[in-house]
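Trainee: One file: protein-v9.cif (mmCIF, C-alpha atoms and all ligand atoms).
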data_model
loop_
_atom_site.label_atom_id
_atom_site.label_comp_id
_atom_site.auth_asym_id
_atom_site.auth_seq_id
_atom_site.Cartn_x
_atom_site.Cartn_y
_atom_site.Cartn_z
CA MET R 1 107.71 126.55 37.83
CA SER R 2 104.01 126.18 38.57
CA ILE R 3 102.55 123.09 40.21
CA ALA R 4 98.98 121.88 39.86
CA TYR R 5 97.39 119.06 41.85
CA LYS R 6 94.23 117.72 40.26
CA GLN R 7 91.99 115.40 42.26
CA VAL R 8 95.09 113.91 43.84
CA HIS R 9 94.26 110.95 46.03
CA LYS R 10 96.50 108.63 48.03
CA GLN R 11 95.35 105.49 49.74
CA TYR R 12 98.02 103.37 51.45
CA PRO R 13 97.43 99.63 51.19
CA GLY R 14 95.59 98.27 54.20
CA VAL R 15 94.77 101.73 55.57
CA PRO R 16 91.05 102.51 55.25
CA ALA R 17 91.20 106.31 55.37
CA PRO R 18 92.96 108.10 52.49
CA ALA R 19 96.17 109.91 53.46
CA VAL R 20 95.49 112.55 50.80
CA ASP R 21 91.86 112.99 49.85
CA GLN R 22 90.98 114.43 46.42
CA VAL R 23 93.28 117.43 46.66
CA ASN R 24 93.04 120.25 44.14
CA LEU R 25 95.67 122.95 44.46
CA SER R 26 97.38 125.38 42.10
CA VAL R 27 100.70 126.89 43.03
CA ARG R 28 102.10 129.71 40.95
CA GLU R 29 105.71 130.02 39.94
CA GLY R 30 107.81 131.72 42.61
CA GLU R 31 105.28 131.27 45.40
CA LEU R 32 106.23 130.14 48.86
CA ILE R 33 103.42 127.89 50.04
CA VAL R 34 103.34 126.70 53.64
CA PHE R 35 101.45 123.54 54.66
CA LEU R 36 100.02 123.58 58.16
CA GLY R 37 98.04 120.85 59.85
CA PRO R 38 98.11 118.23 62.59
CA SER R 39 100.32 115.17 62.54
CA GLY R 40 99.08 112.57 60.07
CA CYS R 41 97.01 114.95 57.93
CA GLY R 42 98.94 114.08 54.76
CA LYS R 43 101.53 116.85 54.34
CA THR R 44 104.55 114.59 53.82
CA THR R 45 102.57 112.28 51.54
CA LEU R 46 101.63 115.24 49.35
CA LEU R 47 105.26 116.43 49.11
CA LYS R 48 106.55 112.95 48.32
CA MET R 49 104.06 112.56 45.49
CA THR R 50 105.42 115.81 44.05
CA ASN R 51 108.86 114.31 43.40
CA ARG R 52 107.47 110.81 42.83
CA LEU R 53 108.88 109.17 45.91
CA TYR R 54 105.24 108.09 46.21
CA GLU R 55 102.69 107.67 43.44
CA PRO R 56 99.13 108.89 43.85
CA THR R 57 96.36 106.29 43.80
CA SER R 58 94.50 108.56 41.40
CA GLY R 59 94.65 112.11 40.11
CA THR R 60 97.47 114.00 38.42
CA ILE R 61 100.21 116.41 39.35
CA GLU R 62 101.44 118.80 36.71
CA ILE R 63 104.59 120.87 36.69
CA ASP R 64 104.41 123.73 34.22
CA GLY R 65 101.53 121.88 32.61
CA THR R 66 103.35 118.54 32.19
CA ASP R 67 101.92 115.50 33.95
CA ILE R 68 104.81 114.29 36.11
CA SER R 69 103.80 110.64 35.72
CA THR R 70 105.06 110.93 32.14
CA MET R 71 108.50 112.12 33.27
CA GLN R 72 111.50 110.05 34.34
CA PRO R 73 111.60 110.26 38.17
CA GLU R 74 115.35 111.00 38.06
CA MET R 75 114.88 113.85 35.58
CA LEU R 76 112.01 115.20 37.64
CA ARG R 77 114.06 115.15 40.85
CA ARG R 78 116.88 117.14 39.29
CA GLN R 79 114.53 120.09 39.11
CA ILE R 80 113.29 119.58 42.65
CA GLY R 81 115.35 120.10 45.80
CA TYR R 82 114.15 118.16 48.82
CA VAL R 83 114.91 118.88 52.46
CA ILE R 84 113.64 116.70 55.29
CA GLN R 85 113.82 117.18 59.01
CA GLN R 86 116.26 114.34 59.56
CA ASN R 87 118.42 116.02 56.88
CA GLY R 88 119.07 112.72 55.04
CA LEU R 89 122.81 113.32 54.62
CA PHE R 90 124.91 110.34 53.57
CA PRO R 91 126.76 109.44 56.79
CA HIS R 92 129.89 108.09 55.10
CA MET R 93 130.38 111.12 52.83
CA ARG R 94 132.17 114.30 53.73
CA ILE R 95 130.09 117.47 53.81
CA GLU R 96 131.53 118.62 50.47
CA ASP R 97 130.64 115.33 48.80
CA ASN R 98 127.14 115.38 50.23
CA ILE R 99 126.57 118.80 48.67
CA ALA R 100 128.14 117.71 45.39
CA VAL R 101 125.85 114.71 44.79
CA VAL R 102 123.48 116.27 42.29
CA PRO R 103 126.04 118.52 40.52
CA ARG R 104 128.16 115.38 39.94
CA LEU R 105 125.13 113.54 38.57
CA LEU R 106 124.76 116.46 36.20
CA HIS R 107 128.45 116.24 35.21
CA TRP R 108 129.43 119.72 36.35
CA SER R 109 133.17 120.38 36.19
CA GLU R 110 135.05 119.81 39.46
CA PRO R 111 136.18 123.46 39.78
CA SER R 112 132.62 124.73 39.42
CA ILE R 113 131.39 122.13 41.91
CA SER R 114 134.05 123.20 44.34
CA SER R 115 133.20 126.88 44.16
CA ARG R 116 129.51 126.07 44.43
CA ILE R 117 130.20 124.15 47.67
CA ASP R 118 131.94 127.18 49.18
CA GLU R 119 129.18 129.49 48.05
CA LEU R 120 126.44 127.30 49.51
CA LEU R 121 128.21 126.71 52.82
CA GLU R 122 128.67 130.43 53.21
CA MET R 123 125.04 130.97 52.37
CA VAL R 124 123.98 128.79 55.31
CA HIS R 125 126.61 130.35 57.56
CA LEU R 126 129.05 127.46 57.81
CA ASP R 127 132.71 128.28 57.24
CA PRO R 128 133.81 126.15 54.26
CA LYS R 129 137.37 125.83 55.57
CA SER R 130 136.16 124.35 58.79
CA PHE R 131 133.29 122.20 57.50
CA ARG R 132 134.02 120.88 54.02
CA LYS R 133 136.07 117.87 55.07
CA ARG R 134 133.99 116.76 58.04
CA LEU R 135 131.57 113.88 58.18
CA PRO R 136 127.92 114.56 59.11
CA SER R 137 128.42 112.90 62.52
CA GLN R 138 130.98 115.60 63.32
CA LEU R 139 128.34 118.33 63.06
CA SER R 140 125.56 119.38 65.41
CA GLY R 141 121.97 118.62 64.41
CA GLY R 142 121.36 122.21 63.35
CA GLN R 143 124.56 122.32 61.31
CA GLN R 144 123.63 119.06 59.56
CA GLN R 145 120.27 120.58 58.81
CA ARG R 146 121.93 123.58 57.18
CA VAL R 147 124.05 121.27 55.06
CA GLY R 148 120.81 119.54 54.02
CA ILE R 149 119.49 122.88 52.79
CA ALA R 150 122.73 123.66 50.97
CA ARG R 151 122.61 120.27 49.30
CA ALA R 152 119.01 120.77 48.17
CA LEU R 153 119.98 124.07 46.58
CA ALA R 154 123.18 122.77 44.97
CA ALA R 155 122.04 122.38 41.40
CA ASP R 156 119.75 125.40 41.56
CA PRO R 157 116.43 123.51 41.30
CA SER R 158 113.31 125.42 40.28
CA ILE R 159 111.23 123.81 43.01
CA LEU R 160 112.11 123.21 46.64
CA LEU R 161 110.20 120.80 48.86
CA MET R 162 110.96 121.41 52.52
CA ASP R 163 109.46 119.09 55.10
CA GLU R 164 109.87 120.68 58.54
CA PRO R 165 113.39 121.73 57.61
CA PHE R 166 114.00 123.97 60.62
CA GLY R 167 112.34 121.78 63.24
CA ALA R 168 115.55 120.85 65.03
CA ILE R 169 117.18 124.27 64.86
CA ASP R 170 117.43 126.80 67.70
CA ALA R 171 115.25 129.90 67.55
CA ILE R 172 117.96 132.37 66.54
CA THR R 173 119.46 130.27 63.78
CA ARG R 174 115.96 129.46 62.67
CA LEU R 175 115.14 133.13 62.19
CA SER R 176 118.29 133.70 60.17
CA LEU R 177 117.58 130.64 58.00
CA GLN R 178 114.04 131.88 57.45
CA ASP R 179 115.45 135.22 56.31
CA GLU R 180 117.91 133.41 54.08
CA LEU R 181 115.15 131.34 52.54
CA LEU R 182 113.03 134.42 51.85
CA ARG R 183 116.01 136.12 50.27
CA ILE R 184 116.75 133.11 48.06
CA GLN R 185 113.13 132.89 47.03
CA ARG R 186 112.84 136.58 46.15
CA ARG R 187 116.08 136.51 44.23
CA THR R 188 115.62 133.29 42.33
CA LYS R 189 111.84 132.95 41.98
CA LYS R 190 111.93 129.38 43.19
CA THR R 191 108.61 127.74 43.92
CA ILE R 192 108.77 126.48 47.49
CA LEU R 193 106.50 124.06 49.32
CA PHE R 194 107.28 124.23 53.01
CA VAL R 195 105.80 122.07 55.79
CA THR R 196 105.89 123.28 59.37
CA HIS R 197 104.07 122.84 62.67
CA ASP R 198 105.15 126.30 63.76
CA VAL R 199 102.38 128.78 63.11
CA ASP R 200 104.67 131.79 63.54
CA GLU R 201 107.08 130.35 61.01
CA ALA R 202 104.18 129.78 58.62
CA PHE R 203 103.03 133.36 58.89
CA ARG R 204 106.52 134.72 58.53
CA LEU R 205 107.32 132.79 55.36
CA ALA R 206 104.15 132.10 53.44
CA ASP R 207 102.77 133.87 50.43
CA ARG R 208 99.83 131.55 50.92
CA ILE R 209 99.07 128.88 53.51
CA VAL R 210 97.43 125.51 52.93
CA VAL R 211 95.64 124.27 56.02
CA MET R 212 95.09 120.51 55.91
CA GLN R 213 92.98 118.17 58.01
CA SER R 214 92.52 114.44 57.46
CA GLY R 215 93.99 114.52 53.96
CA LYS R 216 91.82 117.42 52.79
CA ILE R 217 92.54 121.07 52.22
CA VAL R 218 90.34 123.09 54.52
CA GLN R 219 91.67 126.52 53.60
CA PHE R 220 94.13 127.95 51.07
CA ASP R 221 94.70 131.65 51.40
CA THR R 222 97.04 134.44 52.44
CA PRO R 223 98.21 134.58 56.06
CA TYR R 224 96.17 137.68 56.64
CA ALA R 225 92.97 136.14 55.31
CA ILE R 226 93.52 132.99 57.34
CA ILE R 227 93.93 134.91 60.57
CA THR R 228 91.13 137.33 60.00
CA ASN R 229 88.75 135.01 58.23
CA PRO R 230 89.38 131.38 59.24
CA ALA R 231 87.28 128.93 57.23
CA ASN R 232 86.05 127.05 60.29
CA ASP R 233 86.66 126.44 63.99
CA PHE R 234 89.48 124.02 63.24
CA VAL R 235 91.47 126.69 61.41
CA LYS R 236 90.61 129.22 64.10
CA GLN R 237 91.97 126.91 66.75
CA LEU R 238 95.04 126.00 64.75
CA VAL R 239 96.18 129.57 64.17
CA GLY R 240 95.17 130.53 67.70
CA ASP R 241 93.64 133.74 68.83
CA ARG R 242 95.75 136.05 66.78
CA ASP R 243 95.68 139.33 68.63
CA ILE R 244 95.83 142.84 67.34
CA TYR R 245 99.65 142.87 67.20
CA ARG R 246 99.68 139.89 64.97
CA ARG R 247 97.28 141.53 62.60
CA MET R 248 99.50 144.63 62.65
CA ASN R 249 102.32 142.45 61.40
CA LEU R 250 100.36 141.67 58.28
CA LEU R 251 99.23 145.15 57.32
CA LYS R 252 101.13 148.00 55.76
CA ILE R 253 100.60 151.64 56.57
CA SER R 254 99.02 152.03 53.15
CA ASP R 255 96.36 149.49 54.20
CA ILE R 256 95.16 151.63 57.09
CA LEU R 257 95.77 155.16 55.81
CA ASN R 258 93.48 156.59 53.22
CA VAL R 259 95.99 158.33 51.00
CA LYS R 260 93.47 159.39 48.38
CA ASP R 261 91.99 161.99 50.69
CA MET R 262 95.30 163.52 51.53
CA VAL R 263 96.99 166.50 50.04
CA LYS R 264 100.36 165.55 48.62
CA GLY R 265 103.09 167.58 50.26
CA ALA R 266 106.66 168.51 49.63
CA VAL R 267 109.58 166.10 49.61
CA VAL R 268 110.60 165.31 53.16
CA SER R 269 114.30 164.80 53.53
CA THR R 270 115.36 165.41 57.10
CA LYS R 271 112.90 164.12 59.66
CA PRO R 272 112.46 160.46 60.48
CA VAL R 273 109.58 159.41 58.33
CA VAL R 274 107.34 156.43 57.78
CA HIS R 275 107.02 154.86 54.37
CA LEU R 276 103.64 153.75 53.12
CA ASP R 277 104.83 150.19 52.61
CA GLU R 278 106.15 149.78 56.15
CA CYS R 279 104.59 147.19 58.38
CA VAL R 280 102.04 148.66 60.82
CA LYS R 281 103.54 146.84 63.77
CA ASP R 282 107.02 148.34 63.21
CA VAL R 283 105.58 151.82 63.01
CA PHE R 284 103.46 151.26 66.10
CA THR R 285 106.53 150.07 67.99
CA ARG R 286 108.49 153.10 66.84
CA LEU R 287 105.74 155.47 67.97
CA VAL R 288 105.66 153.84 71.39
CA GLU R 289 109.41 153.62 71.84
CA THR R 290 110.23 157.15 70.69
CA ARG R 291 107.18 158.53 72.47
CA SER R 292 106.40 160.51 69.35
CA LYS R 293 102.97 162.01 69.11
CA GLU R 294 102.92 161.35 65.39
CA LEU R 295 105.17 160.50 62.48
CA ILE R 296 105.11 161.89 58.96
CA VAL R 297 104.11 159.41 56.29
CA VAL R 298 105.75 159.62 52.86
CA ASN R 299 105.17 157.80 49.59
CA HIS R 300 107.80 156.14 47.41
CA MET R 301 108.82 159.58 46.07
CA ASN R 302 109.47 160.72 49.65
CA CYS R 303 106.56 163.14 49.40
CA ARG R 304 104.49 163.71 52.48
CA VAL R 305 101.07 162.08 52.26
CA GLY R 306 99.94 162.44 55.86
CA THR R 307 100.72 161.59 59.44
CA ILE R 308 100.19 158.55 61.60
CA ASP R 309 99.70 158.28 65.35
CA ILE R 310 98.95 155.57 67.88
CA GLU R 311 95.26 156.32 68.10
CA THR R 312 94.75 156.14 64.36
CA ILE R 313 96.46 152.75 64.26
CA LEU R 314 94.37 151.33 67.10
CA ASP R 315 91.15 152.71 65.62
CA GLN R 316 91.97 151.29 62.22
CA MET R 317 92.92 147.89 63.60
CA GLU R 318 89.64 147.71 65.44
CA GLN R 319 87.80 148.73 62.29
CA HIS R 320 89.63 146.09 60.24
CA GLY R 321 88.84 143.44 62.88
CA ARG R 322 85.14 144.36 62.72
CA ASP R 323 85.07 144.34 58.91
CA TYR R 324 86.45 140.84 58.87
CA ALA R 325 84.22 139.60 61.66
CA GLN R 326 81.21 140.73 59.63
CA SER R 327 82.31 139.40 56.27
N1 LIG E 1 104.18 104.31 54.05
C1 LIG E 1 102.98 104.39 54.66
N2 LIG E 1 102.16 103.30 54.75
C2 LIG E 1 100.96 103.39 55.33
N3 LIG E 1 100.45 104.51 55.86
C3 LIG E 1 101.20 105.63 55.79
C4 LIG E 1 102.51 105.62 55.19
N4 LIG E 1 103.03 106.87 55.27
C5 LIG E 1 102.08 107.61 55.89
N5 LIG E 1 101.00 106.87 56.22
C6 LIG E 1 99.76 107.35 56.86
O1 LIG E 1 99.20 108.38 56.04
C7 LIG E 1 98.72 109.45 56.83
C8 LIG E 1 99.42 110.73 56.42
O2 LIG E 1 100.79 110.66 56.75
P1 LIG E 1 101.84 111.82 56.47
O3 LIG E 1 103.18 111.31 56.80
O4 LIG E 1 101.60 112.31 55.10
O5 LIG E 1 101.34 112.91 57.52
P2 LIG E 1 102.00 114.32 57.93
O6 LIG E 1 100.93 115.33 57.76
O7 LIG E 1 103.26 114.51 57.22
O8 LIG E 1 102.25 114.10 59.50
P3 LIG E 1 103.46 114.67 60.42
O9 LIG E 1 103.10 116.09 60.73
O10 LIG E 1 103.38 113.80 61.63
O11 LIG E 1 104.74 114.52 59.68
C9 LIG E 1 98.95 109.05 58.27
O12 LIG E 1 97.77 108.54 58.78
C10 LIG E 1 100.03 108.00 58.20
O13 LIG E 1 99.90 107.07 59.23
MG MG E 2 105.26 114.68 57.81
#
For this file, produce the structure as structure tokens.

Mentor:
Amino acid sequence: MSIAYKQVHKQYPGVPAPAVDQVNLSVREGELIVFLGPSGCGKTTLLKMTNRLYEPTSGTIEIDGTDISTMQPEMLRRQIGYVIQQNGLFPHMRIEDNIAVVPRLLHWSEPSISSRIDELLEMVHLDPKSFRKRLPSQLSGGQQQRVGIARALAADPSILLMDEPFGAIDAITRLSLQDELLRIQRRTKKTILFVTHDVDEAFRLADRIVVMQSGKIVQFDTPYAIITNPANDFVKQLVGDRDIYRRMNLLKISDILNVKDMVKGAVVSTKPVVHLDECVKDVFTRLVETRSKELIVVNHMNCRVGTIDIETILDQMEQHGRDYAQS
């Protein structure tokens, strides 16, 4: 589902500065949007207005073109999964009952609820046999967090709001949950709004990133554009001095190799080859690690379109850096 914020404004009573300041934002169906910005810039307020835990002071939010203020909050929330950092599990309910909350509200049959619980626990790498009957207090913080994600996904909502969902999770589990989230999103076309303070996480997950400051959107663009063309010094500082390797992460071989000029060759079947849609950084690493002088580049038909070597990559990255510095 698409989400559109139109002149959305939120002023808390007794607080002079608006928490969200005339925000306009259009999110397409199936996009994963990451919100980045300092503490207090309005990220949580914006998410909570999206499922009507808070109401805007003025402005409208539309989901697939419908103004959400005209919808029943309960109906709205059935389409929207919500994950918060402090997972929000009900402490007196077993894990299985926590996950079953929304499916029960929707009157699913008990057998289908039960198999959904197993499926979701497996998805977040918790063994159902071991975890179903426990209480939240009998789980580690990271495990509770994973149950929170499973619960948000239970009734297959079209939209997921995730407010620093992986904040309390160790680096390794965090990477695997990020992969899981990307997989879910690609498979199910869910629209995901994801808040994080972790710039690397933002760049790993986002289709587009919203950078916020003092309730306003200062930049809304792809990770690559934000790194290479930050809107102002604040954004530059926030995303840090992203070095050449970081930029390599965001480019494919096809972005730096001019295929048009190349003679198409025969199908390559034996040698290790590079595909045009591979990430530049992976190919660079492979060239360095295998000490290869060059690697053959093939297109999606496995036909040779050229070769790539370390020098070409470094030259191209420098060229790209200059192009963006000038634009
Ligand atoms: N219920 C409330 N009443 C009054 N002011 C609030 C309330 N909730 C948030 N605020 C204020 O609104 C502003 C935005 O808060 P919000 O929680 O949206 O920020 P955030 O970007 O999520 O920050 P963080 O990264 O720390 O979670 C802050 O200045 C905060 O103090
Ligand atoms: Mg917050």

Trainee: Using all atoms listed in the file, can you list as a PyMOL selection string the residues within 7 Å of (126.4, 111.7, 59.1)?

Mentor: chain R and resi 89-92+135-137

Trainee: List all protein, DNA and RNA residues that have an atom no more than 10 Å from any atom of ligand LIG 1 (chain E), counting all atoms listed in the file, and report them as number ranges by chain.

Mentor: R: 10-20, 35-49, 54, 85, 163-164, 195-197, 212-215

Trainee: Calculate, to one decimal in Å, the centre and edge lengths of the box along x, y and z of the file that holds all listed atoms of range 45-58 of chain R with 3 Å of margin on each side, and present them as JSON.

Mentor:
{"center_x": 101.7, "center_y": 111.4, "center_z": 46.5, "size_x": 20.4, "size_y": 16.1, "size_z": 16.1}

Trainee: Counting all atoms listed in the file, what is within 12 Å of range 254-259 of chain R, bar same-chain residues fewer than 4 positions away, as a PyMOL selection string?

Mentor: chain R and resi 247-250+263-265+274-281+283+296-300+303-309+311-321

Trainee: With a distance cut-off of 8 Å and all atoms listed in the file, select the neighbouring residues of range 141-156 of chain R, excluding the residue or stretch itself and same-chain residues fewer than 6 positions from it, and output the selection as a ChimeraX atom specification.

Mentor: /R:78-79,81-89,95,98-103,116-117,120-121,123-124,126,165-166,168-170

Trainee: Smallest atom-to-atom distance to Arg186 in chain R: which of R:Ala231, R:Ile3, R:Leu32, R:Val199, using all atoms listed in the file?

Mentor: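 Closest residue, counting all atoms listed in the file: R:Leu32.
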
Trainee: Which residue out of R:Phe131, R:Phe194, R:Tyr5, R:Trp108 has the minimum interatomic distance to ligand MG 2 (chain E) when all atoms listed in the file are used?

Mentor: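 Looking at the shortest contact to ligand MG 2 (chain E), the residue is R:Phe194.
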
Trainee: Measure the distance from CA of Asp179 in chain R to CA of Ser130 in chain R in Å and round it to one decimal.

Mentor: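 So the answer is 23.5 Å.
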
Trainee: Using all atoms listed in the file, which of R:Ile80, R:Val273, R:Leu295, R:Leu25 sits nearest Gln7 in chain R?

Mentor: R:Leu25

Trainee: For CA of Asp221 in chain R and CA of Arg246 in chain R, quote the distance in Å rounded to one decimal.

Mentor: 16.6 Å

Trainee: Return the single residue from R:Met1, R:Gly167, R:Ser176, R:Leu181 that is closest to ligand MG 2 (chain E), with distances computed using all atoms listed in the file.

Mentor: R:Gly167
